[in-house]
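Read through the structure below, which is laid out as structure tokens, and then see the notes.
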Amino acid sequence: MLNKWEVEGLQTVGILLVVCSSLKLMHFLGLIDISMTDSVEDDFELSTVCHRPESMDKLQEQTKFTKKELQVLYRGFKNECPSGVVNEENFKNIYSQFFPQGDSSMYAHFLFEAFDTNKNGSVSFEDFVFGLSIILRGTINDRLNWAFNLYDLNKDGCITKEEMLDIMKSIYDMMGKYTYPTMQDDAPREHVESFFQKMDRNKDGVVTIDEFIESCKKDENIMQSMQLFDNVI
Amino acid sequence: MAAGVAAWLPFARAAAIGWMPVANLPMPVAPAEKNKRQDELIVLNVSGRRFQTWRNTLDRYPDTLLGSSEKEFFYNEETKEYFFDRDPDVFRSVLNFYRTGKLHYPRYECISSYDEELAFFGIVPEIIGDCCYEEYKDRKRENAERLMDDQEDNKDAKLPNMTFRETMWRAFENPHTSTMALVFYYVTGFFIAVSVITNVVETVPCGSAPNQKEVPCGERYTVAFFCMDTACVMIFTVEYLMRLFAAPSRYRFMRSVMSIIDVVAILPYYIGLVMTDNEDVSGAFVTLRVFRVFRIFKFSRHSQGLRILGYTLKSCASELGFLLFSLTMAIIIFATVMFYAEKGSSSSKFTSIPASFWYTIVTMTTLGYGDMVPKTIAGKIFGSICSLSGVLVIALPVPVIVSNFSRIYHQNQRADKRRAQKVQKARLARIRISKTGSSSAFLHSKRNGLFNEALELTQLPYKMNLSNQGSTEDEKRLSKSTSLLESQHHHLLHCLEKTTNHEFVDEQYYQQSYLEGGLQNYPSRSPSLSSQDGVTGTCCTRRTKKHHTPLPNASAPAHMQPLTHTHTHPQGLQELSTIHIQPLSTSRSSLNMRVDEPAPLNCQSSQITTAIISIPTPPVTTPEGDAHLPAGPTHQNVVKVSAL
């Protein structure tokens with residue numbers, strides 16, 4: 001048998017409940033507004049940024065592409081990124097379509113870092129075309145410089161073994177699981193070792209830009225493969 | 001390769017600069033762009049409406065009509081345009097597919113005409129984007145059902161040579177087929193009604209002798225009612241036996257719902273006959289009479305609506321289950337709360353929680369009998385909350401059930417859910433296949449490339465011996481069969497292989513080599529197979545395992561003859577016992593090209609023969625010496641080609 005206090009207590013609880021639920025109901029109906037935190041809904045209307053590249057004449061001066069080539073490049077670029085800029089997500093998506101068997105996201109990330117010269121998190125058409133111009137129309141030195149820039153993740157002027165290992169792993173990841181011969185786990189590391197053997201002249205554990213360019217110029221295979229890029233566009 | 005990003009291929013190839021300094025092996029040669037032409041506009045005239053687009057746009061999907069050389073069949077020399085005598089409205093969607101990579105299905109379009117256009121232009125409907133795919137599938141299903149309905153209606157025409165049994169069964173199932181059937185249908189309906197009314201009237205108190213309490217009619221006119229009951233049951237029994245006799249599958253008939261209802265309806269009578277005058281079980285017997293009411297369910301054979309209702313309830317089982325579950329939860333919660341709220345008041349009817357259940361149910365369904373009412377303030381507050389929430393909880397699943405009923409009613413009981421599941425699985429499987437097609441395309445053309453290069457090597461000293469000069473041209477055509485885009489993409493993947501010094505293989509092959517854990521050397525195979533003349537039938541293969549020998553079903557076009565000579569090649573550089581590698585049908589041009597082959601090939605879509613190239617070369621130490629051999633020095637003697 002409940003005594004008076006318990007009855008009172010229960011009634012209080014009941015009334016509290018009713019009050020709270022009616023407040024919630026009014027908030028839900030929009031009559032009042034109880035928000036404890038800032039609503040994050042505004043963030044989702046992210047800027048539908050539309051970036052327009054500079055005029056074609058300027059681009060033609062700054063890069064080594066002809067007008068027609070720029071046109072073709074821009075059409076392809078705009079088709080995939082109507083807003084005029086590529087963000088990293090998009091970039092990875094596009095790149096992964098070329099490598100269906102493996103995981104190309106890490107390598108795409110490094111590429112993105114290399115293309116995004118002003119570090120604003122997006123690649124505009126100018127960045128895109130400048131990068132391509134160096135790779136496809138630049139001199140051997142330019143190309144090697146660009147490759148070095150790609151490898152040097154922290155942009156300190158030298159490639160350490162850890163950086164190289166990251167790059168190598170990302171390349172091997174693109175192959176995927178089904179390879180012949182079966183991919184061993186230490187394959188990237190071994191490859192990095194042989195790379196440093198070749199490139200690191202003074203055996204100090206890092207490869208500087210000069211060592212890199214020098215060693216590459218001495219290697220016939222690399223020189224030959226650099227010629228491949230002349231005919232890409 | 002997803003052709004939507006074909007325009008980014010130059011970028012992907014440029015990005016390969018990151019692999020170059022790292023690679024230890026030389027890179028393969030890039031495919032040369034013969035007759036490199038500037039991107040040009042082409043005009044597509046579809047029934048008078050002119051569409052213009054870049055040639056590159058169409059080249060993105062080489063396995064469709066517009067992307068392959070098949071469109072050359074439609075080229076009009078005088079007007080320098082491609083003319084298609086098709087629907088221009090649907091063509092808009094088709095062309096937009098090339099432009100944006102997404103295929104949309106316009107809602108106003110008829111589904112079958114859309115399908116026809118897609119089939120004409122060689123586009124698989126599974127590519128339809130997610131935004132329009134549901135609509136497309138729904139329309140397609142409706143259409144299929146409509147067609148099926150039309151077919152079923154035609155089945156009513158009487159077929160000749162039906163046995164008596166079959167006729168009877170048809171008469172039972174479709175009463176409209178003959179007059180006898182109609183008569184039978186109405187007679188049984190009448191007797192069901194009579195039986196049900198009898199059961200009802202039996203219990204009405206009708207008139208009483210003075211000084212006696214009212215008796216129900218059943219006890220007053222026992223004999224009459226008994227006679228009517230007997231007559232009805234006899235009719236039902238006869239009907240049941242006749243159906244049992246006529247049923248094509250008696251076992252299935254006996255298991256069906258309607259027959260069980262029939263049995264349950266007539267069994268109490270017989271049990272009653274057997275067990276009269278036995279006092280002990282007469283109580284049970286009375287209970288059994290309840291089952292006589294099931295006779296009313298026999299009406300469902302006569303009424304389409306009843307059947308639909310039953311089917312609706314069955315198909316809304318999940319919604320009903322949810323309703324039940326949420327109600328139960330709410331009932332328990334509120335009953336508990338009410339019990340404790342009312343505990344304090346005196347002479348409260350809420351003696352226990354189960355006792356409160358009754359109050360909660362009555363309140364939530366807004367019945368409100370009033371036999372139990374809360375007296376305390378807290379009880380009243382909770383009671384009102386209870387009734388409000390009851391309305392909500394019940395009102396939610398009901399529209400779902402209603403809409404289901406209406407849908408089913410309109411579609412007249414089709415089992416579409418079952419079909420939808422099967423199709424979904426098939427669709428996913430097909431999308432998966434087309435995705436893996438891109439990776440297998442590379443593997444395949446790699447082998448093609450290997451084969452071509454090998455063939456060129458061996459062809460050189462033996463050019464004089466070739467009787468058929470057309471063979472070399474065939475080779476060139478073979479190598480050109482993949483589009484420029486594809487060859488560039490494959491070159492890119494090849495470079496990656498060189499960089500990492502590993503090869504792409506397909507899943508099957510990987511499993512196998514993983515299991516074996518090693519390479520096996522294969523002795524040179526006798527080229528006996530290559531000496532087979534003529535067509536050995538179709539080139540369609542089954543998926544065969546690797547290590548296998550020459551397939552007996554490979555056709556041997558004329559240009560394979562020279563292979564026999566390689567066997568005696570002194571250097572034994574390569575010995576080829578392969579017969580024929582056919583490119584995947586992803587390149588339609590190859591299919592068209594084959595039309596003029598001496599040995600007509602009648603395979604349609606991707607069939608590949610296995611090929612084994614055994615290369616009994618001495619282990620080569622320097623890569624330079626083997627520059628022609630794409631197989632790197634790490635490979636031993638066998639390059640196994642898998643059937644993809």
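Starting from 1 in every chain, residues are counted up; chains themselves are A, B, ... following the order of the structure tokens, and ligands are numbered from 1 as listed.
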
ask   = Just asking: which residues within region 190-260 of chain B are alpha helix (DSSP H) according to DSSP, as a PyMOL selection string?
value = chain B and resi 190-202+217-220+222-246+250-255+257-260

query = What residues in chain B have any atom no more than 8 Å from chain A when counting only C-alpha atoms, and can you write them as a PyMOL selection string?
reply = chain B and resi 1-2+4-5+7-8+10-15+17-27+29-30+100+341+343-344+377-378+381-382+435-436+438-439+489+493+496-497+500+502-507+510+514

Do you know which residues are at most 12 Å from Thr57 (chain B) counting only C-alpha atoms, after dropping those on the same chain fewer than 4 positions away, and could you put them as an mmCIF file with all heavy atoms, in the first residue's frame?
```cif
data_model
loop_
_atom_site.group_PDB
_atom_site.id
_atom_site.type_symbol
_atom_site.label_atom_id
_atom_site.label_comp_id
_atom_site.auth_asym_id
_atom_site.auth_seq_id
_atom_site.Cartn_x
_atom_site.Cartn_y
_atom_site.Cartn_z
ATOM 1 N N VAL A 72 40.625 20.033 -75.902
ATOM 2 C CA VAL A 72 40.278 18.641 -75.621
ATOM 3 C C VAL A 72 40.416 18.362 -74.125
ATOM 4 O O VAL A 72 39.560 17.742 -73.502
ATOM 5 C CB VAL A 72 41.177 17.694 -76.441
ATOM 6 C CG1 VAL A 72 41.013 16.271 -75.979
ATOM 7 C CG2 VAL A 72 40.851 17.811 -77.904
ATOM 8 N N ARG A 75 37.580 19.949 -72.149
ATOM 9 C CA ARG A 75 36.292 19.283 -72.303
ATOM 10 C C ARG A 75 36.214 18.061 -71.422
ATOM 11 O O ARG A 75 35.219 17.810 -70.751
ATOM 12 C CB ARG A 75 36.060 18.911 -73.767
ATOM 13 C CG ARG A 75 35.648 20.091 -74.620
ATOM 14 C CD ARG A 75 34.799 19.614 -75.774
ATOM 15 N NE ARG A 75 35.544 18.712 -76.623
ATOM 16 C CZ ARG A 75 36.228 19.062 -77.687
ATOM 17 N NH1 ARG A 75 36.273 20.331 -78.038
ATOM 18 N NH2 ARG A 75 36.865 18.172 -78.402
ATOM 19 N N GLY A 76 37.312 17.281 -71.441
ATOM 20 C CA GLY A 76 37.305 16.091 -70.592
ATOM 21 C C GLY A 76 37.231 16.453 -69.123
ATOM 22 O O GLY A 76 36.491 15.839 -68.346
ATOM 23 N N ASN A 79 33.761 17.699 -68.124
ATOM 24 C CA ASN A 79 32.767 16.631 -68.137
ATOM 25 C C ASN A 79 32.729 15.896 -66.819
ATOM 26 O O ASN A 79 31.665 15.589 -66.291
ATOM 27 C CB ASN A 79 33.126 15.650 -69.258
ATOM 28 C CG ASN A 79 31.898 15.008 -69.816
ATOM 29 O OD1 ASN A 79 30.796 15.474 -69.594
ATOM 30 N ND2 ASN A 79 32.092 13.933 -70.542
ATOM 31 N N ALA B 3 34.010 4.057 -69.431
ATOM 32 C CA ALA B 3 34.327 4.953 -70.526
ATOM 33 C C ALA B 3 33.990 6.392 -70.215
ATOM 34 O O ALA B 3 34.358 7.281 -70.952
ATOM 35 C CB ALA B 3 33.592 4.498 -71.769
ATOM 36 N N GLY B 4 33.277 6.609 -69.146
ATOM 37 C CA GLY B 4 32.954 7.991 -68.819
ATOM 38 C C GLY B 4 34.196 8.805 -68.552
ATOM 39 O O GLY B 4 34.223 10.013 -68.744
ATOM 40 N N VAL B 5 35.236 8.166 -68.101
ATOM 41 C CA VAL B 5 36.440 8.916 -67.802
ATOM 42 C C VAL B 5 37.489 8.712 -68.876
ATOM 43 O O VAL B 5 38.671 8.886 -68.630
ATOM 44 C CB VAL B 5 37.021 8.509 -66.432
ATOM 45 C CG1 VAL B 5 36.132 9.014 -65.334
ATOM 46 C CG2 VAL B 5 37.150 7.013 -66.343
ATOM 47 N N ALA B 6 37.036 8.317 -70.059
ATOM 48 C CA ALA B 6 38.002 8.084 -71.129
ATOM 49 C C ALA B 6 38.818 9.335 -71.406
ATOM 50 O O ALA B 6 39.980 9.262 -71.787
ATOM 51 C CB ALA B 6 37.263 7.654 -72.393
ATOM 52 N N ALA B 7 38.195 10.474 -71.178
ATOM 53 C CA ALA B 7 38.905 11.712 -71.468
ATOM 54 C C ALA B 7 40.077 11.917 -70.513
ATOM 55 O O ALA B 7 40.972 12.695 -70.802
ATOM 56 C CB ALA B 7 37.951 12.885 -71.373
ATOM 57 N N ASP B 39 40.162 15.530 -83.254
ATOM 58 C CA ASP B 39 38.809 15.204 -82.870
ATOM 59 C C ASP B 39 37.831 15.915 -83.794
ATOM 60 O O ASP B 39 37.924 17.118 -83.978
ATOM 61 C CB ASP B 39 38.580 15.651 -81.430
ATOM 62 C CG ASP B 39 37.510 14.827 -80.788
ATOM 63 O OD1 ASP B 39 37.048 13.869 -81.431
ATOM 64 O OD2 ASP B 39 37.130 15.138 -79.661
ATOM 65 N N GLU B 40 36.930 15.177 -84.366
ATOM 66 C CA GLU B 40 36.043 15.803 -85.324
ATOM 67 C C GLU B 40 34.599 15.585 -84.921
ATOM 68 O O GLU B 40 34.258 14.626 -84.225
ATOM 69 C CB GLU B 40 36.287 15.217 -86.711
ATOM 70 C CG GLU B 40 36.334 13.713 -86.676
ATOM 71 C CD GLU B 40 36.284 13.079 -88.036
ATOM 72 O OE1 GLU B 40 36.041 13.798 -89.017
ATOM 73 O OE2 GLU B 40 36.471 11.881 -88.115
ATOM 74 N N LEU B 41 33.788 16.470 -85.436
ATOM 75 C CA LEU B 41 32.364 16.374 -85.188
ATOM 76 C C LEU B 41 31.758 15.398 -86.173
ATOM 77 O O LEU B 41 32.074 15.449 -87.346
ATOM 78 C CB LEU B 41 31.693 17.727 -85.392
ATOM 79 C CG LEU B 41 31.748 18.720 -84.243
ATOM 80 C CD1 LEU B 41 31.119 20.013 -84.697
ATOM 81 C CD2 LEU B 41 31.007 18.183 -83.047
ATOM 82 N N ILE B 42 30.916 14.552 -85.684
ATOM 83 C CA ILE B 42 30.181 13.727 -86.638
ATOM 84 C C ILE B 42 28.694 13.998 -86.478
ATOM 85 O O ILE B 42 28.227 14.355 -85.405
ATOM 86 C CB ILE B 42 30.465 12.227 -86.474
ATOM 87 C CG1 ILE B 42 30.001 11.702 -85.131
ATOM 88 C CG2 ILE B 42 31.928 11.944 -86.654
ATOM 89 C CD1 ILE B 42 30.171 10.213 -85.044
ATOM 90 N N GLN B 52 24.692 16.144 -83.309
ATOM 91 C CA GLN B 52 26.120 16.235 -83.590
ATOM 92 C C GLN B 52 26.885 15.984 -82.318
ATOM 93 O O GLN B 52 26.491 16.422 -81.247
ATOM 94 C CB GLN B 52 26.457 17.622 -84.122
ATOM 95 C CG GLN B 52 25.899 17.865 -85.496
ATOM 96 C CD GLN B 52 26.321 19.225 -86.001
ATOM 97 O OE1 GLN B 52 26.517 20.124 -85.210
ATOM 98 N NE2 GLN B 52 26.454 19.342 -87.296
ATOM 99 N N THR B 53 27.969 15.302 -82.469
ATOM 100 C CA THR B 53 28.789 15.051 -81.301
ATOM 101 C C THR B 53 30.214 14.793 -81.748
ATOM 102 O O THR B 53 30.478 14.590 -82.935
ATOM 103 C CB THR B 53 28.233 13.856 -80.503
ATOM 104 O OG1 THR B 53 29.048 13.657 -79.370
ATOM 105 C CG2 THR B 53 28.238 12.603 -81.335
ATOM 106 N N TYR B 61 32.446 3.988 -75.742
ATOM 107 C CA TYR B 61 31.854 2.676 -75.483
ATOM 108 C C TYR B 61 32.011 1.842 -76.734
ATOM 109 O O TYR B 61 31.106 1.800 -77.571
ATOM 110 C CB TYR B 61 30.384 2.816 -75.109
ATOM 111 C CG TYR B 61 30.182 3.558 -73.816
ATOM 112 C CD1 TYR B 61 29.924 4.923 -73.812
ATOM 113 C CD2 TYR B 61 30.277 2.906 -72.597
ATOM 114 C CE1 TYR B 61 29.761 5.601 -72.631
ATOM 115 C CE2 TYR B 61 30.113 3.582 -71.419
ATOM 116 C CZ TYR B 61 29.852 4.925 -71.440
ATOM 117 O OH TYR B 61 29.684 5.593 -70.263
ATOM 118 N N PRO B 62 33.130 1.203 -76.878
ATOM 119 C CA PRO B 62 33.379 0.507 -78.138
ATOM 120 C C PRO B 62 32.538 -0.738 -78.357
ATOM 121 O O PRO B 62 32.559 -1.304 -79.437
ATOM 122 C CB PRO B 62 34.861 0.135 -78.053
ATOM 123 C CG PRO B 62 35.258 0.312 -76.661
ATOM 124 C CD PRO B 62 34.264 1.130 -75.959
ATOM 125 N N LEU B 66 27.191 2.565 -81.873
ATOM 126 C CA LEU B 66 27.763 3.853 -82.269
ATOM 127 C C LEU B 66 29.252 3.939 -81.980
ATOM 128 O O LEU B 66 29.948 4.743 -82.554
ATOM 129 C CB LEU B 66 27.032 4.983 -81.530
ATOM 130 C CG LEU B 66 25.590 5.197 -81.955
ATOM 131 C CD1 LEU B 66 24.944 6.219 -81.056
ATOM 132 C CD2 LEU B 66 25.538 5.681 -83.387
ATOM 133 N N GLY B 67 29.716 3.123 -81.073
ATOM 134 C CA GLY B 67 31.121 3.237 -80.699
ATOM 135 C C GLY B 67 32.033 2.366 -81.522
ATOM 136 O O GLY B 67 33.243 2.502 -81.476
ATOM 137 N N SER B 68 31.439 1.481 -82.273
ATOM 138 C CA SER B 68 32.273 0.550 -83.022
ATOM 139 C C SER B 68 32.173 0.874 -84.500
ATOM 140 O O SER B 68 31.504 1.822 -84.895
ATOM 141 C CB SER B 68 31.788 -0.861 -82.763
ATOM 142 O OG SER B 68 30.473 -0.983 -83.252
ATOM 143 N N LEU B 95 22.008 8.992 -76.805
ATOM 144 C CA LEU B 95 23.177 9.837 -77.013
ATOM 145 C C LEU B 95 23.653 10.458 -75.713
ATOM 146 O O LEU B 95 24.856 10.606 -75.468
ATOM 147 C CB LEU B 95 22.843 10.937 -78.025
ATOM 148 C CG LEU B 95 24.047 11.660 -78.602
ATOM 149 C CD1 LEU B 95 25.029 10.673 -79.163
ATOM 150 C CD2 LEU B 95 23.588 12.620 -79.677
ATOM 151 N N ASN B 96 22.712 10.772 -74.834
ATOM 152 C CA ASN B 96 23.117 11.316 -73.537
ATOM 153 C C ASN B 96 23.914 10.314 -72.732
ATOM 154 O O ASN B 96 24.739 10.696 -71.903
ATOM 155 C CB ASN B 96 21.885 11.747 -72.739
ATOM 156 C CG ASN B 96 21.425 13.123 -73.135
ATOM 157 O OD1 ASN B 96 22.190 13.891 -73.690
ATOM 158 N ND2 ASN B 96 20.170 13.422 -72.877
ATOM 159 N N PHE B 97 23.646 9.054 -72.981
ATOM 160 C CA PHE B 97 24.434 8.029 -72.305
ATOM 161 C C PHE B 97 25.907 8.161 -72.662
ATOM 162 O O PHE B 97 26.789 8.062 -71.805
ATOM 163 C CB PHE B 97 23.885 6.662 -72.685
ATOM 164 C CG PHE B 97 24.779 5.520 -72.320
ATOM 165 C CD1 PHE B 97 25.116 5.285 -71.005
ATOM 166 C CD2 PHE B 97 25.292 4.683 -73.290
ATOM 167 C CE1 PHE B 97 25.933 4.243 -70.655
ATOM 168 C CE2 PHE B 97 26.107 3.631 -72.949
ATOM 169 C CZ PHE B 97 26.427 3.405 -71.636
ATOM 170 N N TYR B 98 26.156 8.414 -73.944
ATOM 171 C CA TYR B 98 27.552 8.570 -74.342
ATOM 172 C C TYR B 98 28.160 9.805 -73.720
ATOM 173 O O TYR B 98 29.313 9.821 -73.320
ATOM 174 C CB TYR B 98 27.659 8.676 -75.856
ATOM 175 C CG TYR B 98 27.438 7.363 -76.552
ATOM 176 C CD1 TYR B 98 26.170 6.984 -76.939
ATOM 177 C CD2 TYR B 98 28.491 6.506 -76.799
ATOM 178 C CE1 TYR B 98 25.960 5.774 -77.560
ATOM 179 C CE2 TYR B 98 28.291 5.306 -77.429
ATOM 180 C CZ TYR B 98 27.019 4.940 -77.814
ATOM 181 O OH TYR B 98 26.816 3.750 -78.427
ATOM 182 N N ARG B 99 27.341 10.855 -73.663
ATOM 183 C CA ARG B 99 27.907 12.120 -73.202
ATOM 184 C C ARG B 99 28.187 12.106 -71.726
ATOM 185 O O ARG B 99 29.202 12.617 -71.281
ATOM 186 C CB ARG B 99 26.929 13.247 -73.513
ATOM 187 C CG ARG B 99 26.800 13.493 -74.986
ATOM 188 C CD ARG B 99 25.790 14.573 -75.242
ATOM 189 N NE ARG B 99 25.707 14.826 -76.658
ATOM 190 C CZ ARG B 99 24.577 15.078 -77.290
ATOM 191 N NH1 ARG B 99 23.457 15.100 -76.621
ATOM 192 N NH2 ARG B 99 24.587 15.296 -78.583
ATOM 193 N N THR B 100 27.236 11.566 -70.941
ATOM 194 C CA THR B 100 27.403 11.681 -69.500
ATOM 195 C C THR B 100 27.795 10.378 -68.833
ATOM 196 O O THR B 100 28.156 10.361 -67.681
ATOM 197 C CB THR B 100 26.089 12.134 -68.852
ATOM 198 O OG1 THR B 100 25.118 11.129 -69.124
ATOM 199 C CG2 THR B 100 25.624 13.439 -69.413
ATOM 200 N N GLY B 101 27.704 9.271 -69.559
ATOM 201 C CA GLY B 101 28.039 8.008 -68.931
ATOM 202 C C GLY B 101 26.887 7.401 -68.151
ATOM 203 O O GLY B 101 27.017 6.340 -67.582
ATOM 204 N N LEU B 485 41.971 3.673 -77.637
ATOM 205 C CA LEU B 485 41.789 3.955 -76.213
ATOM 206 C C LEU B 485 42.139 2.743 -75.381
ATOM 207 O O LEU B 485 42.860 2.811 -74.389
ATOM 208 C CB LEU B 485 40.327 4.337 -75.991
ATOM 209 C CG LEU B 485 40.081 5.498 -75.034
ATOM 210 C CD1 LEU B 485 40.888 6.684 -75.449
ATOM 211 C CD2 LEU B 485 38.603 5.831 -75.065
#
```

key: Close residues, region 324-336 of chain B itself excluded, 8 Å, only C-alpha atoms, min 2 positions apart in chain, as number ranges by chain   = B: 320-322, 338-340, 353-354, 356-357, 359-361, 382, 386, 390, 393-394

message = Please determine, counting only C-alpha atoms, which residue among B:Pro374, B:Glu319, B:Ser347, B:Ser434 has the shortest atom-to-atom distance to Pro397 (chain B).
response =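 For Pro397 (chain B), the nearest of the given residues is B:Glu319.
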
inquiry  = Residues near His176 (chain B), anyone? I mean within 12 Å using only C-alpha atoms, not counting same-chain ones fewer than 2 positions away, as an MDAnalysis selection string.
reply    = chainID B and resid 156:158 170:174 178:186 302

Atoms to include: C-alpha atoms. Write the selected residues as a short mmCIF file (atom, residue, chain, number, x, y, z; two decimals), in the first residue's frame.
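Dumped everything to result-v9.cif:
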```
data_model
loop_
_atom_site.label_atom_id
_atom_site.label_comp_id
_atom_site.auth_asym_id
_atom_site.auth_seq_id
_atom_site.Cartn_x
_atom_site.Cartn_y
_atom_site.Cartn_z
CA ASP B 156 -9.61 -20.56 -71.97
CA ALA B 157 -10.21 -21.81 -75.43
CA LYS B 158 -11.07 -25.44 -75.14
CA ARG B 170 -11.03 -27.09 -65.64
CA ALA B 171 -14.73 -26.90 -64.92
CA PHE B 172 -14.01 -26.65 -61.22
CA GLU B 173 -11.35 -24.00 -61.61
CA ASN B 174 -13.04 -21.81 -64.21
CA SER B 178 -19.31 -24.63 -69.59
CA THR B 179 -22.88 -24.51 -68.47
CA MET B 180 -22.53 -27.55 -66.27
CA ALA B 181 -19.68 -25.89 -64.46
CA LEU B 182 -21.72 -22.79 -63.92
CA VAL B 183 -24.61 -24.78 -62.56
CA PHE B 184 -22.34 -26.65 -60.23
CA TYR B 185 -20.79 -23.38 -59.09
CA TYR B 186 -24.11 -21.85 -58.20
CA HIS B 302 -16.61 -17.93 -55.27
#
```

request  = Find the spatial neighbours of region 230-244 of chain B, counting only C-alpha atoms, within a cut-off of 12 Å - ignore same-chain residues fewer than 5 positions away - and output them as an MDAnalysis selection string.
outcome  = chainID B and resid 164:173 184:185 187:199 223:225 249:256 258:270 272:273 292 295 298

Secondary structure check, strand (DSSP E) residues of region 47-217 of chain A, as a PyMOL selection string = chain A and resi 85-87+122-124+158-159+179-180+207-208

Mind dumping the selected residues with N, CA and C atoms as a PDB file, in the first residue's frame?
```pdb
ATOM      1  N   VAL A  85      36.448  22.377 -60.356  1.00  0.00           N
ATOM      2  CA  VAL A  85      37.577  21.954 -59.530  1.00  0.00           C
ATOM      3  C   VAL A  85      37.373  20.501 -59.149  1.00  0.00           C
ATOM      4  N   VAL A  86      38.471  19.838 -58.945  1.00  0.00           N
ATOM      5  CA  VAL A  86      38.415  18.457 -58.477  1.00  0.00           C
ATOM      6  C   VAL A  86      38.821  18.450 -57.028  1.00  0.00           C
ATOM      7  N   ASN A  87      38.008  17.811 -56.198  1.00  0.00           N
ATOM      8  CA  ASN A  87      38.503  17.606 -54.846  1.00  0.00           C
ATOM      9  C   ASN A  87      39.065  16.195 -54.733  1.00  0.00           C
ATOM     10  N   SER A 122      42.062  21.525 -53.513  1.00  0.00           N
ATOM     11  CA  SER A 122      41.355  21.200 -54.745  1.00  0.00           C
ATOM     12  C   SER A 122      42.260  21.506 -55.916  1.00  0.00           C
ATOM     13  N   VAL A 123      42.018  20.756 -56.963  1.00  0.00           N
ATOM     14  CA  VAL A 123      42.825  20.926 -58.171  1.00  0.00           C
ATOM     15  C   VAL A 123      41.975  21.622 -59.211  1.00  0.00           C
ATOM     16  N   SER A 124      42.378  22.792 -59.600  1.00  0.00           N
ATOM     17  CA  SER A 124      41.624  23.500 -60.640  1.00  0.00           C
ATOM     18  C   SER A 124      42.205  23.135 -61.991  1.00  0.00           C
ATOM     19  N   CYS A 158      64.509  16.066 -49.764  1.00  0.00           N
ATOM     20  CA  CYS A 158      65.147  14.753 -49.884  1.00  0.00           C
ATOM     21  C   CYS A 158      64.132  13.651 -49.596  1.00  0.00           C
ATOM     22  N   ILE A 159      64.386  12.526 -50.212  1.00  0.00           N
ATOM     23  CA  ILE A 159      63.479  11.390 -50.072  1.00  0.00           C
ATOM     24  C   ILE A 159      64.067  10.432 -49.057  1.00  0.00           C
ATOM     25  N   THR A 179      47.849 -11.472 -58.618  1.00  0.00           N
ATOM     26  CA  THR A 179      49.017 -11.198 -59.459  1.00  0.00           C
ATOM     27  C   THR A 179      49.783 -12.485 -59.643  1.00  0.00           C
ATOM     28  N   TYR A 180      50.674 -12.434 -60.602  1.00  0.00           N
ATOM     29  CA  TYR A 180      51.548 -13.572 -60.793  1.00  0.00           C
ATOM     30  C   TYR A 180      52.956 -13.063 -60.894  1.00  0.00           C
ATOM     31  N   VAL A 207      67.847  10.419 -50.429  1.00  0.00           N
ATOM     32  CA  VAL A 207      68.166  10.739 -51.821  1.00  0.00           C
ATOM     33  C   VAL A 207      67.817  12.206 -52.043  1.00  0.00           C
ATOM     34  N   THR A 208      68.813  12.982 -52.397  1.00  0.00           N
ATOM     35  CA  THR A 208      68.520  14.386 -52.674  1.00  0.00           C
ATOM     36  C   THR A 208      68.209  14.552 -54.152  1.00  0.00           C
TER      37      THR A 208
END
```

query = So which one's closest to Pro82 (chain A), A:Met106, A:Cys50, A:Leu165, A:Ile34? Using only C-alpha atoms, please.
reply =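 Smallest distance to Pro82 (chain A) is found for A:Cys50.
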